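Working notes, structure below.
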Amino acid sequence: MTVQKNLNTSRPLDVLGKSLNSQVLIELKGGREFRGLLKSFDMHMNLVLNEAEELDGLETAKRLGIVLIRGDNIVYISPV
Amino acid sequence: MTVQKNLNTSRPLDVLGKSLNSQVLIELKGGREFRGLLKSFDMHMNLVLNEAEELDGLETAKRLGIVLIRGDNIVYISPV
Amino acid sequence: MTVQKNLNTSRPLDVLGKSLNSQVLIELKGGREFRGLLKSFDMHMNLVLNEAEELDGLETAKRLGIVLIRGDNIVYISPV
Amino acid sequence: MTVQKNLNTSRPLDVLGKSLNSQVLIELKGGREFRGLLKSFDMHMNLVLNEAEELDGLETAKRLGIVLIRGDNIVYISPV
Amino acid sequence: MTVQKNLNTSRPLDVLGKSLNSQVLIELKGGREFRGLLKSFDMHMNLVLNEAEELDGLETAKRLGIVLIRGDNIVYISPV
Amino acid sequence: MTVQKNLNTSRPLDVLGKSLNSQVLIELKGGREFRGLLKSFDMHMNLVLNEAEELDGLETAKRLGIVLIRGDNIVYISPV
Amino acid sequence: MTVQKNLNTSRPLDVLGKSLNSQVLIELKGGREFRGLLKSFDMHMNLVLNEAEELDGLETAKRLGIVLIRGDNIVYISPV
């Protein structure tokens, strides 16, 4: 196992560090989707989006501006 | 990764610090929405609103005055 | 951020300290409402009400006397 | 705030200490109710009832004798 | 409060210590019931039953032999 | 209580230690069942099965090979 | 028990270490499935997939590219 563990040098939340100031797509438990510019995050996956919008499929359902999403609601985060 | 992590100097809850004494919109799990003046918060996202009201779409559904919302109910918080 | 954070001198649960021996309205997950005199609380929002009653809208649905509510059930607490 | 906080000398679970060997009514998440003599409890609100019975309104639905209830199921506890 | 607290010399999980090698009835969240000889338990209420069976009312629905039940599923445990 | 507690020399997860490299039946919250050879486990009941299959009653519903099950999904684990 | 415990030299998450840069199948609570190349993981089972896709049975339902999945959503992870 030693070799494989050493290969795991990056950590999952590093993806968020690389996505700062870029657009991310966020899916919440229950299926709702948000998109916006990632401005900050913490270890709980609490995160702030700017120019955030809730999506309905590919459409904008609601413009939210700045939004702080509580991390425990999140299913996944994907850079877009 | 070092560069990107250093850029992440702000933390998500700083958005709440900037919103003290200003109006915020809060959405809870299940979809209910509250609006009011943010008076205090903690690391669990427990927070106190003054002049709080529950919303039904854009309308006021119920006036609550001062309200302490338990953080684990929150989906997102957005300055308005 | 330093200025805003310093302004946040009160903490959310201070609202409960100010409401001791006064009437509070409590809403639980699922929508049930209780009202009573707040006698004690802790950091989990476990709290004791005296002269407690469960409400059905504005009516008394059930008189409970002294009741200890487990904090994790709570959506919000509002002084009345 | 200092005065109000000092008034909060009792803690919520003290109500359970005062109810030892007395009858308590317990409501669980989902609405089920139990009644019995409180014999012990801990900080998680795990508790043991003797002569316990599950209630269906005011009637006895099921006699359980000694029962250990896991605290995370509890909505409220009320001395009767 | 001092007197009452001192009376609380036993702790809820002591009931499990007294029930080792004896039959217990276990109800899980969602209402399923198991019965068997309690062989071990820990502070999370993880526990092992021998000669375990799932019940359907008073009948045996399924024989399980040895079973390790994860504590967070449990509503109550009752010696039988 | 001292005697009974001393009798509780085994801990619930010891059953998993005894089941390494043997077949176990796992039931998840929601009722799904898996069967396979237990290869490793930890204190959260995260566990790895080899030659794993999801069951539909007594039939194989899906062959999974190696599978890591997150412990918080588990209702019970039973050696078969 | 000593012998069996010593045999448990691998830990469940070692399976993820061995699967780095390889395809894994992930099932989430609620039954949704994702497949992709595992790039990183942590002790909460937060993980990053590259070339990720959501599956609908054996078909690709949605291409996601890079995705960070929050560990608490996961039922199981299986190398494919």
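Here's how to read the names in the structure tokens: chain A, B, ... by the order shown, residue numbers from 1 in each chain, ligand numbers from 1 in the order shown.
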
message: Please identify the alpha helix (DSSP H) residues within chain A (assignment by DSSP from backbone atoms) and present them as a count of residues only.
response: 11

task: Please give the complete set of residues from chain C that DSSP, run on the backbone, assigns to strand (DSSP E), formatted as JSON, numbers by chain.
output: {"C": [23, 24, 25, 26, 27, 28, 33, 34, 35, 36, 37, 38, 39, 40, 41, 47, 48, 49, 50, 51, 52, 53, 54, 55, 56, 59, 60, 61, 62, 63, 64, 65, 66, 67, 68, 69, 74, 75, 76, 77, 78, 79]}

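Near Leu28 in chain F, within 8 Å and counting only C-alpha atoms, sit F:Glu33, F:Asn73, F:Ile74, F:Val75, F:Tyr76; same-chain residues fewer than 5 positions away were not included.
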
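Reported to one decimal place, the separation of CA of Arg63 in chain A from CA of Glu51 in chain A is 7.5 Å.
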
Which neighbours of range 60-62 of chain F fall inside 12 Å, counting only C-alpha atoms, when residues of the same chain fewer than 3 positions from it are skipped, and could you give them as a short mmCIF file (atom, residue, chain, number, x, y, z; two decimals) with all heavy atoms, in the first residue's frame?
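Generated file (part.cif):
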data_model
loop_
_atom_site.label_atom_id
_atom_site.label_comp_id
_atom_site.auth_asym_id
_atom_site.auth_seq_id
_atom_site.Cartn_x
_atom_site.Cartn_y
_atom_site.Cartn_z
N ARG F 32 -31.66 -2.60 1.22
CA ARG F 32 -30.83 -3.35 0.27
C ARG F 32 -29.86 -4.28 1.00
O ARG F 32 -29.38 -3.96 2.07
CB ARG F 32 -30.06 -2.37 -0.61
CG ARG F 32 -30.99 -1.57 -1.50
CD ARG F 32 -30.28 -0.42 -2.12
NE ARG F 32 -29.25 -0.88 -3.04
CZ ARG F 32 -28.39 -0.08 -3.64
NH1 ARG F 32 -28.40 1.22 -3.39
NH2 ARG F 32 -27.50 -0.55 -4.47
N GLU F 33 -29.56 -5.41 0.35
CA GLU F 33 -28.67 -6.40 0.96
C GLU F 33 -27.49 -6.70 0.06
O GLU F 33 -27.63 -6.82 -1.16
CB GLU F 33 -29.44 -7.69 1.22
CG GLU F 33 -30.46 -7.58 2.34
CD GLU F 33 -31.08 -8.92 2.65
OE1 GLU F 33 -31.42 -9.67 1.68
OE2 GLU F 33 -31.23 -9.24 3.83
N PHE F 34 -26.32 -6.83 0.69
CA PHE F 34 -25.09 -7.20 -0.02
C PHE F 34 -24.48 -8.40 0.69
O PHE F 34 -24.63 -8.57 1.89
CB PHE F 34 -24.10 -6.02 -0.01
CG PHE F 34 -24.58 -4.85 -0.81
CD1 PHE F 34 -25.50 -3.95 -0.28
CD2 PHE F 34 -24.13 -4.64 -2.11
CE1 PHE F 34 -25.96 -2.88 -1.02
CE2 PHE F 34 -24.60 -3.56 -2.86
CZ PHE F 34 -25.51 -2.68 -2.32
N ARG F 35 -23.76 -9.19 -0.08
CA ARG F 35 -23.06 -10.34 0.48
C ARG F 35 -21.68 -10.42 -0.15
O ARG F 35 -21.53 -10.12 -1.34
CB ARG F 35 -23.85 -11.62 0.18
CG ARG F 35 -23.32 -12.85 0.91
CD ARG F 35 -24.25 -14.04 0.73
NE ARG F 35 -24.59 -14.25 -0.66
CZ ARG F 35 -25.59 -15.03 -1.09
NH1 ARG F 35 -26.37 -15.64 -0.22
NH2 ARG F 35 -25.82 -15.17 -2.37
N GLY F 36 -20.68 -10.81 0.63
CA GLY F 36 -19.33 -10.94 0.08
C GLY F 36 -18.36 -11.33 1.17
O GLY F 36 -18.74 -11.50 2.33
N GLU F 51 -15.64 -10.24 -4.03
CA GLU F 51 -16.67 -11.12 -4.60
C GLU F 51 -18.04 -10.69 -4.10
O GLU F 51 -18.90 -11.52 -3.78
CB GLU F 51 -16.40 -12.59 -4.23
CG GLU F 51 -15.03 -13.09 -4.67
CD GLU F 51 -14.73 -14.50 -4.17
OE1 GLU F 51 -15.69 -15.28 -3.96
OE2 GLU F 51 -13.54 -14.81 -4.00
N ALA F 52 -18.24 -9.36 -4.05
CA ALA F 52 -19.48 -8.81 -3.51
C ALA F 52 -20.61 -8.90 -4.52
O ALA F 52 -20.39 -8.80 -5.73
CB ALA F 52 -19.27 -7.36 -3.10
N GLU F 53 -21.80 -9.08 -4.01
CA GLU F 53 -22.98 -9.06 -4.87
C GLU F 53 -24.12 -8.41 -4.10
O GLU F 53 -24.22 -8.55 -2.88
CB GLU F 53 -23.37 -10.47 -5.32
CG GLU F 53 -23.48 -11.47 -4.20
CD GLU F 53 -23.67 -12.91 -4.68
OE1 GLU F 53 -23.67 -13.14 -5.89
OE2 GLU F 53 -23.82 -13.79 -3.82
N GLU F 54 -24.92 -7.67 -4.84
CA GLU F 54 -26.15 -7.17 -4.25
C GLU F 54 -27.20 -8.26 -4.42
O GLU F 54 -27.26 -8.93 -5.46
CB GLU F 54 -26.60 -5.87 -4.94
CG GLU F 54 -27.83 -5.31 -4.29
CD GLU F 54 -28.20 -3.90 -4.74
OE1 GLU F 54 -27.43 -3.30 -5.53
OE2 GLU F 54 -29.27 -3.42 -4.32
N LEU F 55 -28.02 -8.44 -3.39
CA LEU F 55 -29.01 -9.51 -3.41
C LEU F 55 -30.40 -8.95 -3.63
O LEU F 55 -30.70 -7.82 -3.26
CB LEU F 55 -28.99 -10.26 -2.07
CG LEU F 55 -27.66 -10.91 -1.67
CD1 LEU F 55 -27.80 -11.57 -0.31
CD2 LEU F 55 -27.23 -11.92 -2.72
N ASP F 56 -31.23 -9.78 -4.26
CA ASP F 56 -32.66 -9.49 -4.34
C ASP F 56 -33.35 -10.71 -3.76
O ASP F 56 -33.57 -11.69 -4.46
CB ASP F 56 -33.05 -9.25 -5.80
CG ASP F 56 -34.54 -8.97 -5.93
OD1 ASP F 56 -35.23 -8.86 -4.89
OD2 ASP F 56 -35.02 -8.86 -7.07
N GLY F 57 -33.57 -10.67 -2.44
CA GLY F 57 -34.02 -11.87 -1.73
C GLY F 57 -32.86 -12.84 -1.69
O GLY F 57 -31.76 -12.50 -1.26
N GLY F 65 -17.90 -7.36 -7.47
CA GLY F 65 -16.46 -7.61 -7.26
C GLY F 65 -16.01 -7.00 -5.95
O GLY F 65 -16.55 -7.32 -4.90
N VAL F 67 -15.85 -4.01 -3.34
CA VAL F 67 -16.67 -2.84 -3.06
C VAL F 67 -16.34 -2.32 -1.65
O VAL F 67 -16.15 -3.09 -0.71
CB VAL F 67 -18.17 -3.16 -3.21
CG1 VAL F 67 -18.65 -4.15 -2.16
CG2 VAL F 67 -19.00 -1.90 -3.17
N GLY G 57 -28.23 3.43 -15.67
CA GLY G 57 -27.99 2.02 -16.02
C GLY G 57 -26.60 1.92 -16.63
O GLY G 57 -25.62 2.35 -16.03
#

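For Val80 in chain C, the set of protein, DNA and RNA residues having any atom at most 7 Å away, when counting only C-alpha atoms and skipping those fewer than 3 positions along the same chain, is Gln23, Val24 and Leu25 of chain C.
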
query: If you count only C-alpha atoms, which residues fall within 6 Å of Leu37 in chain C, apart from same-chain ones fewer than 3 positions away, as a PyMOL selection string?
result: chain C and resi 21-23+49-50

Go ahead and save the residues from that selection, with N, CA and C atoms, as a JSON list (two decimals), in the first residue's frame.
[["chain", "number", "residue", "atom", "x", "y", "z"],
["C", 21, "ASN", "N", -36.88, 33.58, 31.22],
["C", 21, "ASN", "CA", -38.08, 33.94, 31.99],
["C", 21, "ASN", "C", -39.10, 34.73, 31.19],
["C", 22, "SER", "N", -38.88, 34.81, 29.88],
["C", 22, "SER", "CA", -39.84, 35.47, 28.99],
["C", 22, "SER", "C", -40.40, 34.43, 28.01],
["C", 23, "GLN", "N", -41.48, 34.83, 27.35],
["C", 23, "GLN", "CA", -42.11, 33.92, 26.39],
["C", 23, "GLN", "C", -41.31, 33.86, 25.09],
["C", 49, "LEU", "N", -38.77, 24.90, 28.67],
["C", 49, "LEU", "CA", -39.87, 25.86, 28.76],
["C", 49, "LEU", "C", -40.74, 25.51, 29.96],
["C", 50, "ASN", "N", -41.22, 26.53, 30.64],
["C", 50, "ASN", "CA", -42.29, 26.34, 31.63],
["C", 50, "ASN", "C", -43.60, 26.87, 31.04]]

message: At a cut-off of 9 Å, which residues of chain G touch chain A? Count only C-alpha atoms and give the answer as JSON, numbers by chain.
response: {"G": [10, 14, 16, 17, 18, 19, 20, 28, 39, 40, 41, 42, 46, 47, 48, 64, 65, 66, 67, 68, 69, 70, 71, 72, 73]}

- request: One decimal, Å: what's the distance from CA of Gly31 in chain F over to CA of Met43 in chain G, could you say?
  value: 26.0 Å
